[in-house]
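Quick notes on the structure that follows.
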There are 2 protein chains.
Amino acid sequence: MKSITRVAEADWKGNLEQGHGLVTTGSDSLREHPVSFTKRIEQGDRTSTNPEELIAAALASCFSMALSKTLGDEGASDPQLVVRAEVTLNLTDEGPKVNELLLDVAAIIANFSQEKLEHAVATTRKNCPVFKLMDPGLEKVNIEVHLRN
Amino acid sequence: MKSITRVAEADWKGNLEQGHGLVTTGSDSLREHPVSFTKRIEQGDRTSTNPEELIAAALASCFSMALSKTLGDEGASDPQLVVRAEVTLNLTDEGPKVNELLLDVAAIIANFSQEKLEHAVATTRKNCPVFKLMDPGLEKVNIEVHLRN
């Protein structure tokens with residue numbers, strides 16, 4: 001069995017409210033990128049990353065890749081896919097929960113139907129390893145599927 | 001209840017093996033960053049990101065933030081934390097699985113003991129919203145805790 005391990009590190013200084021962190025990935029994609037609690041719960045901020053958008057990025061990239069595999073198995077050639085993931089943090093009375101996902105899948109595929117695309121998305125939901133990791137912990141999942149021309 | 005929704009998008013072209021994607025987050029942290037299946041399963045590659053390191057980054061940043069909260073509640077002042085997450089993709093006979101996590105927590109905290117730090121980490125495991133999201137889907141979790149001076 002082949003195994004591939006990936007790494008990221010967060011350096012955090014201080015308490016929750018005034019403290020701040022720097023997150024770095026094993027690849028060159030994030031280099032000491034800032035994170036903070038106050039910016040995490042400030043909807044419009046674009047200057048720092050946050051765990052929710054990193055989860056969304058993991059899901060969108062894995063799901064699009066896995067869907068390209070499913071579509072190939074089902075006879076589609078050269079698909080063009082746009083997978084958008086929206087991940088919601090809810091600050092509940094029981095504490096913070098990351099428990100909602102909206103996945104919007106748009107595809108351009110020659111000689112393919114909406115019905116076949118929906119079937120491929122449903123199959124991918126069962127196969128995509130990141131979706132499978134998250135699925136048991138999510139309380140609300142919506143998936144929208146659009147075939148474009 | 002306050003809710004914060006974060007977004008990322010993956011644009012994918014082609015099939016699994018030769019295809020490639022670009023991933024973009026709502027904040028400026030990732031802008032059309034490349035992903036591909038071949039690089040995802042090539043251990044040493046640093047030129048593209050991959051879902052596993054994005055999950056690791058989400059976990060490390062959320063866990064460090066949540067641990068700073070727990071430590072504050074338990075009387076620690078001005079902690080310095082380094083949280084490293086290692087996430088493993090296993091290519092099994094049943095398909096790919098993202099099912100293993102190693103979390104390494106190192107902390108510098110004045111007047112604190114290893115025992116108290118271990119207790120705070122155990123509490124944070126139950127409170128950290130990203131850990132709670134992933135925990136049900138993970139098959140193997142190791143957490144190492146080091147108090148430094």
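FYI, nothing fancy with the structure tokens labels: chains A, B, ... in order, residues from 1 per chain, ligands from 1 as they appear.
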Tell me, as an mmCIF file with all heavy atoms, in the first residue's frame, which residues lie within 6 Å of segment 99-105 of chain A, counting only C-alpha atoms; anything in the same chain fewer than 6 positions away does not count.
```
data_model
loop_
_atom_site.group_PDB
_atom_site.id
_atom_site.type_symbol
_atom_site.label_atom_id
_atom_site.label_comp_id
_atom_site.auth_asym_id
_atom_site.auth_seq_id
_atom_site.Cartn_x
_atom_site.Cartn_y
_atom_site.Cartn_z
ATOM 1 N N VAL A 82 -15.719 23.073 -12.553
ATOM 2 C CA VAL A 82 -15.512 24.116 -11.546
ATOM 3 C C VAL A 82 -16.252 23.662 -10.289
ATOM 4 O O VAL A 82 -17.476 23.532 -10.289
ATOM 5 C CB VAL A 82 -16.027 25.496 -12.003
ATOM 6 C CG1 VAL A 82 -15.814 26.531 -10.892
ATOM 7 C CG2 VAL A 82 -15.328 25.937 -13.281
ATOM 8 N N VAL A 83 -15.486 23.367 -9.243
ATOM 9 C CA VAL A 83 -16.069 22.920 -7.978
ATOM 10 C C VAL A 83 -15.827 24.002 -6.936
ATOM 11 O O VAL A 83 -14.682 24.362 -6.641
ATOM 12 C CB VAL A 83 -15.450 21.581 -7.518
ATOM 13 C CG1 VAL A 83 -16.005 21.181 -6.153
ATOM 14 C CG2 VAL A 83 -15.729 20.483 -8.541
ATOM 15 N N ARG A 84 -16.925 24.532 -6.397
ATOM 16 C CA ARG A 84 -16.859 25.581 -5.385
ATOM 17 C C ARG A 84 -17.352 24.985 -4.072
ATOM 18 O O ARG A 84 -18.419 24.368 -4.024
ATOM 19 C CB ARG A 84 -17.773 26.725 -5.822
ATOM 20 C CG ARG A 84 -17.839 27.903 -4.889
ATOM 21 C CD ARG A 84 -18.837 28.935 -5.461
ATOM 22 N NE ARG A 84 -19.181 29.924 -4.461
ATOM 23 C CZ ARG A 84 -18.577 31.096 -4.312
ATOM 24 N NH1 ARG A 84 -17.605 31.435 -5.124
ATOM 25 N NH2 ARG A 84 -18.941 31.933 -3.364
ATOM 26 N N ALA A 85 -16.559 25.136 -3.031
ATOM 27 C CA ALA A 85 -16.949 24.617 -1.712
ATOM 28 C C ALA A 85 -17.148 25.794 -0.767
ATOM 29 O O ALA A 85 -16.317 26.702 -0.706
ATOM 30 C CB ALA A 85 -15.878 23.679 -1.174
ATOM 31 N N GLU A 86 -18.260 25.774 -0.049
ATOM 32 C CA GLU A 86 -18.525 26.782 0.984
ATOM 33 C C GLU A 86 -18.638 26.057 2.316
ATOM 34 O O GLU A 86 -19.481 25.154 2.470
ATOM 35 C CB GLU A 86 -19.823 27.539 0.693
ATOM 36 C CG GLU A 86 -19.749 28.363 -0.581
ATOM 37 C CD GLU A 86 -20.987 29.231 -0.808
ATOM 38 O OE1 GLU A 86 -21.836 29.313 0.115
ATOM 39 O OE2 GLU A 86 -21.096 29.806 -1.896
ATOM 40 N N VAL A 87 -17.803 26.419 3.258
ATOM 41 C CA VAL A 87 -17.737 25.742 4.559
ATOM 42 C C VAL A 87 -18.113 26.759 5.633
ATOM 43 O O VAL A 87 -17.559 27.864 5.672
ATOM 44 C CB VAL A 87 -16.324 25.182 4.808
ATOM 45 C CG1 VAL A 87 -16.177 24.645 6.225
ATOM 46 C CG2 VAL A 87 -16.001 24.086 3.785
ATOM 47 N N THR A 88 -19.044 26.378 6.495
ATOM 48 C CA THR A 88 -19.565 27.325 7.493
ATOM 49 C C THR A 88 -19.172 26.944 8.915
ATOM 50 O O THR A 88 -19.318 25.780 9.329
ATOM 51 C CB THR A 88 -21.102 27.423 7.377
ATOM 52 O OG1 THR A 88 -21.421 27.894 6.069
ATOM 53 C CG2 THR A 88 -21.681 28.379 8.417
ATOM 54 N N LEU A 138 -20.004 16.221 9.299
ATOM 55 C CA LEU A 138 -20.850 17.320 8.800
ATOM 56 C C LEU A 138 -22.311 17.067 9.158
ATOM 57 O O LEU A 138 -22.795 15.934 9.060
ATOM 58 C CB LEU A 138 -20.708 17.448 7.281
ATOM 59 C CG LEU A 138 -19.376 18.016 6.789
ATOM 60 C CD1 LEU A 138 -19.227 17.784 5.280
ATOM 61 C CD2 LEU A 138 -19.248 19.504 7.101
ATOM 62 N N GLU A 139 -22.996 18.134 9.562
ATOM 63 C CA GLU A 139 -24.415 17.974 9.916
ATOM 64 C C GLU A 139 -25.343 18.388 8.787
ATOM 65 O O GLU A 139 -26.497 17.998 8.748
ATOM 66 C CB GLU A 139 -24.725 18.784 11.182
ATOM 67 C CG GLU A 139 -24.041 18.200 12.416
ATOM 68 C CD GLU A 139 -24.211 19.069 13.653
ATOM 69 O OE1 GLU A 139 -25.288 19.651 13.836
ATOM 70 O OE2 GLU A 139 -23.242 19.156 14.438
ATOM 71 N N LYS A 140 -24.828 19.215 7.853
ATOM 72 C CA LYS A 140 -25.674 19.702 6.757
ATOM 73 C C LYS A 140 -24.840 19.754 5.490
ATOM 74 O O LYS A 140 -23.811 20.451 5.465
ATOM 75 C CB LYS A 140 -26.201 21.094 7.123
ATOM 76 C CG LYS A 140 -27.268 21.627 6.207
ATOM 77 C CD LYS A 140 -27.827 22.944 6.759
ATOM 78 C CE LYS A 140 -28.713 23.623 5.731
ATOM 79 N NZ LYS A 140 -29.075 24.988 6.158
ATOM 80 N N VAL A 141 -25.252 19.025 4.470
ATOM 81 C CA VAL A 141 -24.514 19.004 3.197
ATOM 82 C C VAL A 141 -25.490 19.250 2.056
ATOM 83 O O VAL A 141 -26.516 18.562 1.948
ATOM 84 C CB VAL A 141 -23.809 17.643 2.979
ATOM 85 C CG1 VAL A 141 -23.141 17.603 1.606
ATOM 86 C CG2 VAL A 141 -22.787 17.372 4.075
ATOM 87 N N ASN A 142 -25.187 20.238 1.225
ATOM 88 C CA ASN A 142 -25.951 20.441 -0.007
ATOM 89 C C ASN A 142 -24.996 20.353 -1.182
ATOM 90 O O ASN A 142 -23.907 20.913 -1.133
ATOM 91 C CB ASN A 142 -26.612 21.827 -0.026
ATOM 92 C CG ASN A 142 -27.876 21.842 0.807
ATOM 93 O OD1 ASN A 142 -28.730 20.972 0.667
ATOM 94 N ND2 ASN A 142 -27.983 22.823 1.680
ATOM 95 N N ILE A 143 -25.428 19.640 -2.215
ATOM 96 C CA ILE A 143 -24.611 19.564 -3.431
ATOM 97 C C ILE A 143 -25.465 20.015 -4.607
ATOM 98 O O ILE A 143 -26.572 19.479 -4.812
ATOM 99 C CB ILE A 143 -24.060 18.149 -3.672
ATOM 100 C CG1 ILE A 143 -23.243 17.683 -2.456
ATOM 101 C CG2 ILE A 143 -23.192 18.123 -4.916
ATOM 102 C CD1 ILE A 143 -22.545 16.347 -2.632
ATOM 103 N N GLU A 144 -24.985 21.001 -5.348
ATOM 104 C CA GLU A 144 -25.690 21.477 -6.540
ATOM 105 C C GLU A 144 -24.871 21.108 -7.766
ATOM 106 O O GLU A 144 -23.647 21.195 -7.745
ATOM 107 C CB GLU A 144 -25.897 22.993 -6.448
ATOM 108 C CG GLU A 144 -26.806 23.344 -5.266
ATOM 109 C CD GLU A 144 -27.039 24.831 -5.087
ATOM 110 O OE1 GLU A 144 -26.530 25.619 -5.913
ATOM 111 O OE2 GLU A 144 -27.718 25.193 -4.108
ATOM 112 N N VAL A 145 -25.569 20.699 -8.815
ATOM 113 C CA VAL A 145 -24.890 20.181 -10.009
ATOM 114 C C VAL A 145 -25.438 20.877 -11.250
ATOM 115 O O VAL A 145 -26.658 20.924 -11.452
ATOM 116 C CB VAL A 145 -25.129 18.649 -10.126
ATOM 117 C CG1 VAL A 145 -24.396 18.093 -11.339
ATOM 118 C CG2 VAL A 145 -24.696 17.926 -8.859
#
```
**OP:** Could you give me, as a ChimeraX atom specification, each residue of segment 84-149 of chain A that DSSP assigns to strand (DSSP E) when run on this structure's backbone?
**Re:** /A:84-92,95-108,140-148
Could you write out the selected residues, including C-alpha atoms, as a short mmCIF file (atom, residue, chain, number, x, y, z; two decimals), in the first residue's frame?
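Result written to selection25.cif:
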```
data_model
loop_
_atom_site.label_atom_id
_atom_site.label_comp_id
_atom_site.auth_asym_id
_atom_site.auth_seq_id
_atom_site.Cartn_x
_atom_site.Cartn_y
_atom_site.Cartn_z
CA ARG A 84 -16.86 25.58 -5.39
CA ALA A 85 -16.95 24.62 -1.71
CA GLU A 86 -18.52 26.78 0.98
CA VAL A 87 -17.74 25.74 4.56
CA THR A 88 -19.56 27.32 7.49
CA LEU A 89 -18.39 27.88 11.05
CA ASN A 90 -21.35 28.24 13.42
CA LEU A 91 -20.76 29.83 16.82
CA THR A 92 -23.40 27.89 18.78
CA GLY A 95 -19.30 26.04 21.19
CA PRO A 96 -17.98 26.57 17.66
CA LYS A 97 -18.90 23.98 15.04
CA VAL A 98 -17.64 23.54 11.47
CA ASN A 99 -20.63 21.51 10.36
CA GLU A 100 -22.07 22.83 7.09
CA LEU A 101 -20.98 22.35 3.49
CA LEU A 102 -22.34 23.56 0.19
CA LEU A 103 -20.65 22.04 -2.85
CA ASP A 104 -21.46 23.60 -6.21
CA VAL A 105 -20.33 21.55 -9.20
CA ALA A 106 -20.39 23.03 -12.71
CA ALA A 107 -19.17 21.02 -15.70
CA ILE A 108 -18.66 21.33 -19.42
CA LYS A 140 -25.67 19.70 6.76
CA VAL A 141 -24.51 19.00 3.20
CA ASN A 142 -25.95 20.44 -0.01
CA ILE A 143 -24.61 19.56 -3.43
CA GLU A 144 -25.69 21.48 -6.54
CA VAL A 145 -24.89 20.18 -10.01
CA HIS A 146 -24.95 22.17 -13.25
CA LEU A 147 -24.15 20.94 -16.75
CA ARG A 148 -23.03 23.87 -18.89
#
```
How would you write, as a short mmCIF file (atom, residue, chain, number, x, y, z; two decimals) with N, CA, C and O atoms, in the first residue's frame, the set of residues in chain A that DSSP gives as alpha helix (DSSP H)?
```
data_model
loop_
_atom_site.label_atom_id
_atom_site.label_comp_id
_atom_site.auth_asym_id
_atom_site.auth_seq_id
_atom_site.Cartn_x
_atom_site.Cartn_y
_atom_site.Cartn_z
N PHE A 37 -7.99 34.71 15.51
CA PHE A 37 -9.38 34.43 15.86
C PHE A 37 -10.28 35.57 15.43
O PHE A 37 -11.35 35.34 14.85
N THR A 38 -9.84 36.80 15.67
CA THR A 38 -10.72 37.95 15.34
C THR A 38 -10.97 38.01 13.83
O THR A 38 -12.09 38.27 13.40
N LYS A 39 -9.95 37.73 13.02
CA LYS A 39 -10.16 37.75 11.56
C LYS A 39 -10.93 36.52 11.09
O LYS A 39 -11.65 36.59 10.10
N ARG A 40 -10.79 35.43 11.82
CA ARG A 40 -11.53 34.22 11.45
C ARG A 40 -13.04 34.44 11.53
O ARG A 40 -13.79 33.88 10.72
N PRO A 51 -9.17 28.39 8.95
CA PRO A 51 -9.34 26.95 8.77
C PRO A 51 -10.48 26.58 7.82
O PRO A 51 -10.36 25.62 7.04
N GLU A 52 -11.55 27.39 7.83
CA GLU A 52 -12.70 27.03 6.99
C GLU A 52 -12.37 27.10 5.50
O GLU A 52 -12.77 26.22 4.72
N GLU A 53 -11.65 28.14 5.07
CA GLU A 53 -11.35 28.20 3.63
C GLU A 53 -10.30 27.16 3.24
O GLU A 53 -10.26 26.71 2.10
N LEU A 54 -9.45 26.77 4.19
CA LEU A 54 -8.47 25.71 3.89
C LEU A 54 -9.18 24.36 3.72
O LEU A 54 -8.83 23.56 2.85
N ILE A 55 -10.20 24.12 4.55
CA ILE A 55 -11.01 22.91 4.38
C ILE A 55 -11.75 22.97 3.04
O ILE A 55 -11.81 21.98 2.30
N ALA A 56 -12.30 24.14 2.72
CA ALA A 56 -13.01 24.31 1.44
C ALA A 56 -12.05 24.04 0.27
O ALA A 56 -12.43 23.38 -0.71
N ALA A 57 -10.82 24.52 0.38
CA ALA A 57 -9.83 24.30 -0.69
C ALA A 57 -9.46 22.82 -0.81
O ALA A 57 -9.31 22.29 -1.92
N ALA A 58 -9.33 22.15 0.33
CA ALA A 58 -9.03 20.71 0.31
C ALA A 58 -10.17 19.95 -0.35
O ALA A 58 -9.96 19.07 -1.20
N LEU A 59 -11.40 20.28 0.03
CA LEU A 59 -12.57 19.60 -0.53
C LEU A 59 -12.72 19.87 -2.02
O LEU A 59 -12.94 18.94 -2.80
N ALA A 60 -12.63 21.13 -2.41
CA ALA A 60 -12.84 21.48 -3.83
C ALA A 60 -11.79 20.83 -4.71
O ALA A 60 -12.10 20.28 -5.77
N SER A 61 -10.53 20.85 -4.27
CA SER A 61 -9.46 20.28 -5.12
C SER A 61 -9.58 18.77 -5.18
O SER A 61 -9.43 18.16 -6.24
N CYS A 62 -9.89 18.13 -4.05
CA CYS A 62 -10.01 16.66 -4.07
C CYS A 62 -11.25 16.22 -4.83
O CYS A 62 -11.20 15.28 -5.62
N PHE A 63 -12.36 16.91 -4.62
CA PHE A 63 -13.61 16.49 -5.27
C PHE A 63 -13.51 16.65 -6.79
O PHE A 63 -13.98 15.80 -7.54
N SER A 64 -12.89 17.73 -7.24
CA SER A 64 -12.78 17.94 -8.70
C SER A 64 -11.92 16.86 -9.33
O SER A 64 -12.24 16.32 -10.40
N MET A 65 -10.84 16.51 -8.63
CA MET A 65 -9.93 15.45 -9.10
C MET A 65 -10.65 14.10 -9.13
O MET A 65 -10.58 13.35 -10.11
N ALA A 66 -11.36 13.80 -8.05
CA ALA A 66 -12.08 12.52 -7.95
C ALA A 66 -13.21 12.45 -8.98
O ALA A 66 -13.47 11.39 -9.57
N LEU A 67 -13.86 13.58 -9.22
CA LEU A 67 -14.95 13.60 -10.22
C LEU A 67 -14.39 13.38 -11.62
O LEU A 67 -15.02 12.71 -12.44
N SER A 68 -13.18 13.90 -11.89
CA SER A 68 -12.57 13.67 -13.21
C SER A 68 -12.32 12.17 -13.42
O SER A 68 -12.46 11.65 -14.52
N LYS A 69 -11.98 11.47 -12.34
CA LYS A 69 -11.79 10.01 -12.41
C LYS A 69 -13.12 9.32 -12.69
O LYS A 69 -13.22 8.47 -13.59
N THR A 70 -14.15 9.66 -11.92
CA THR A 70 -15.46 9.05 -12.13
C THR A 70 -15.95 9.28 -13.55
O THR A 70 -16.46 8.36 -14.21
N LEU A 71 -15.81 10.52 -14.02
CA LEU A 71 -16.29 10.86 -15.37
C LEU A 71 -15.53 10.07 -16.43
O LEU A 71 -16.12 9.59 -17.40
N GLY A 72 -14.22 9.90 -16.24
CA GLY A 72 -13.43 9.09 -17.17
C GLY A 72 -13.93 7.65 -17.20
O GLY A 72 -14.10 7.04 -18.26
N ASP A 73 -14.22 7.11 -16.02
CA ASP A 73 -14.75 5.73 -15.92
C ASP A 73 -16.10 5.61 -16.62
O ASP A 73 -16.47 4.53 -17.08
N GLN A 114 -27.29 15.99 -17.96
CA GLN A 114 -27.40 16.41 -16.56
C GLN A 114 -27.57 15.18 -15.65
O GLN A 114 -26.96 15.10 -14.58
N GLU A 115 -28.36 14.23 -16.11
CA GLU A 115 -28.63 13.03 -15.31
C GLU A 115 -27.34 12.22 -15.09
O GLU A 115 -27.07 11.76 -13.98
N LYS A 116 -26.55 12.08 -16.16
CA LYS A 116 -25.28 11.34 -16.03
C LYS A 116 -24.31 12.09 -15.12
O LYS A 116 -23.56 11.48 -14.34
N LEU A 117 -24.30 13.42 -15.22
CA LEU A 117 -23.42 14.21 -14.35
C LEU A 117 -23.84 14.06 -12.89
O LEU A 117 -22.99 13.88 -12.01
N GLU A 118 -25.13 14.13 -12.64
CA GLU A 118 -25.61 13.96 -11.25
C GLU A 118 -25.23 12.59 -10.71
O GLU A 118 -24.87 12.45 -9.54
N HIS A 119 -25.33 11.58 -11.56
CA HIS A 119 -24.94 10.23 -11.14
C HIS A 119 -23.45 10.17 -10.81
O HIS A 119 -23.03 9.59 -9.80
N ALA A 120 -22.63 10.81 -11.65
CA ALA A 120 -21.17 10.83 -11.42
C ALA A 120 -20.85 11.57 -10.12
O ALA A 120 -19.96 11.16 -9.36
N VAL A 121 -21.54 12.65 -9.83
CA VAL A 121 -21.31 13.40 -8.59
C VAL A 121 -21.69 12.54 -7.38
O VAL A 121 -20.96 12.50 -6.38
N ALA A 122 -22.81 11.83 -7.48
CA ALA A 122 -23.23 10.96 -6.37
C ALA A 122 -22.21 9.85 -6.13
O ALA A 122 -21.90 9.50 -4.99
N THR A 123 -21.66 9.30 -7.22
CA THR A 123 -20.62 8.26 -7.09
C THR A 123 -19.37 8.86 -6.45
O THR A 123 -18.74 8.24 -5.57
N THR A 124 -19.00 10.05 -6.88
CA THR A 124 -17.79 10.70 -6.36
C THR A 124 -17.91 11.02 -4.88
O THR A 124 -16.92 10.95 -4.14
N ARG A 125 -19.10 11.35 -4.45
CA ARG A 125 -19.33 11.60 -3.03
C ARG A 125 -18.91 10.39 -2.18
O ARG A 125 -18.43 10.54 -1.07
N LYS A 126 -19.09 9.20 -2.75
CA LYS A 126 -18.71 7.98 -2.02
C LYS A 126 -17.23 7.64 -2.17
O LYS A 126 -16.69 6.86 -1.39
N ASN A 127 -16.57 8.19 -3.20
CA ASN A 127 -15.18 7.81 -3.50
C ASN A 127 -14.14 8.85 -3.09
O ASN A 127 -13.00 8.49 -2.81
N PRO A 129 -11.71 10.85 -1.25
CA PRO A 129 -11.22 10.57 0.10
C PRO A 129 -11.39 11.74 1.07
O PRO A 129 -11.59 11.50 2.27
N VAL A 130 -11.34 12.97 0.59
CA VAL A 130 -11.53 14.10 1.51
C VAL A 130 -13.01 14.24 1.88
O VAL A 130 -13.35 14.49 3.04
N PHE A 131 -13.89 14.03 0.91
CA PHE A 131 -15.32 14.05 1.24
C PHE A 131 -15.64 12.96 2.26
O PHE A 131 -16.38 13.19 3.23
N LYS A 132 -15.08 11.78 2.05
CA LYS A 132 -15.33 10.67 2.99
C LYS A 132 -14.81 10.98 4.39
O LYS A 132 -15.42 10.59 5.39
N LEU A 133 -13.67 11.68 4.47
CA LEU A 133 -13.13 12.07 5.78
C LEU A 133 -14.07 13.03 6.50
O LEU A 133 -14.32 12.89 7.71
N MET A 134 -14.60 14.00 5.76
CA MET A 134 -15.43 15.05 6.38
C MET A 134 -16.87 14.60 6.64
O MET A 134 -17.52 15.08 7.57
#
```
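Nearest residue to Asn15 of chain A among B:Gln80, B:Phe112, B:Glu94, B:Asn149 is B:Gln80, counting only C-alpha atoms.
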Original post:
Separation of atom CA of Leu81 of chain A and atom CA of Asp135 of chain B, in Å?
Top reply: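 Going from atom CA of Leu81 of chain A over to atom CA of Asp135 of chain B covers 29.5 Å.
Closest approach to chain B from the set A:Glu42, A:Glu17, A:Asp11, A:Leu22 is made by A:Asp11, with distances taken over only C-alpha atoms.
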Subject >> Nearest residue to chain B from the set A:Asp93, A:His20, A:Asn111, A:Asp78 (distances using only C-alpha atoms) >> reply: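 That would be A:Asp78, the residue with the smallest distance to chain B.
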Subject >> segment 24-32 of chain B environment, 9 Å, only C-alpha atoms, sequence neighbours closer than 4 positions dropped, as a list in words >> reply: Ser29, Leu30, His33, Gly44, Asp45, Arg46, Thr47, Ser48, Thr49, Asn50, Glu53, Leu54, Ala56 and Ala57 of chain A; Arg6, Val7, Ala8, Glu9, Ala10 and Asp11 of chain B
**OP:** Mind giving me the straight-line distance from atom CA of Ile109 of chain A to atom CA of Ile41 of chain B in Å, one decimal?
**Re:** 26.2 Å
Subject >> Closest of B:Thr5, B:Ser113, B:Gln18, B:Ser36 to chain A - atom-to-atom distances counting only C-alpha atoms >> reply: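 Going through B:Thr5, B:Ser113, B:Gln18, B:Ser36 one by one, the smallest distance to chain A is for B:Thr5.
Reported to one decimal place, the separation of atom CA of Gly21 of chain B from atom CA of Gly75 of chain A is 20.1 Å.
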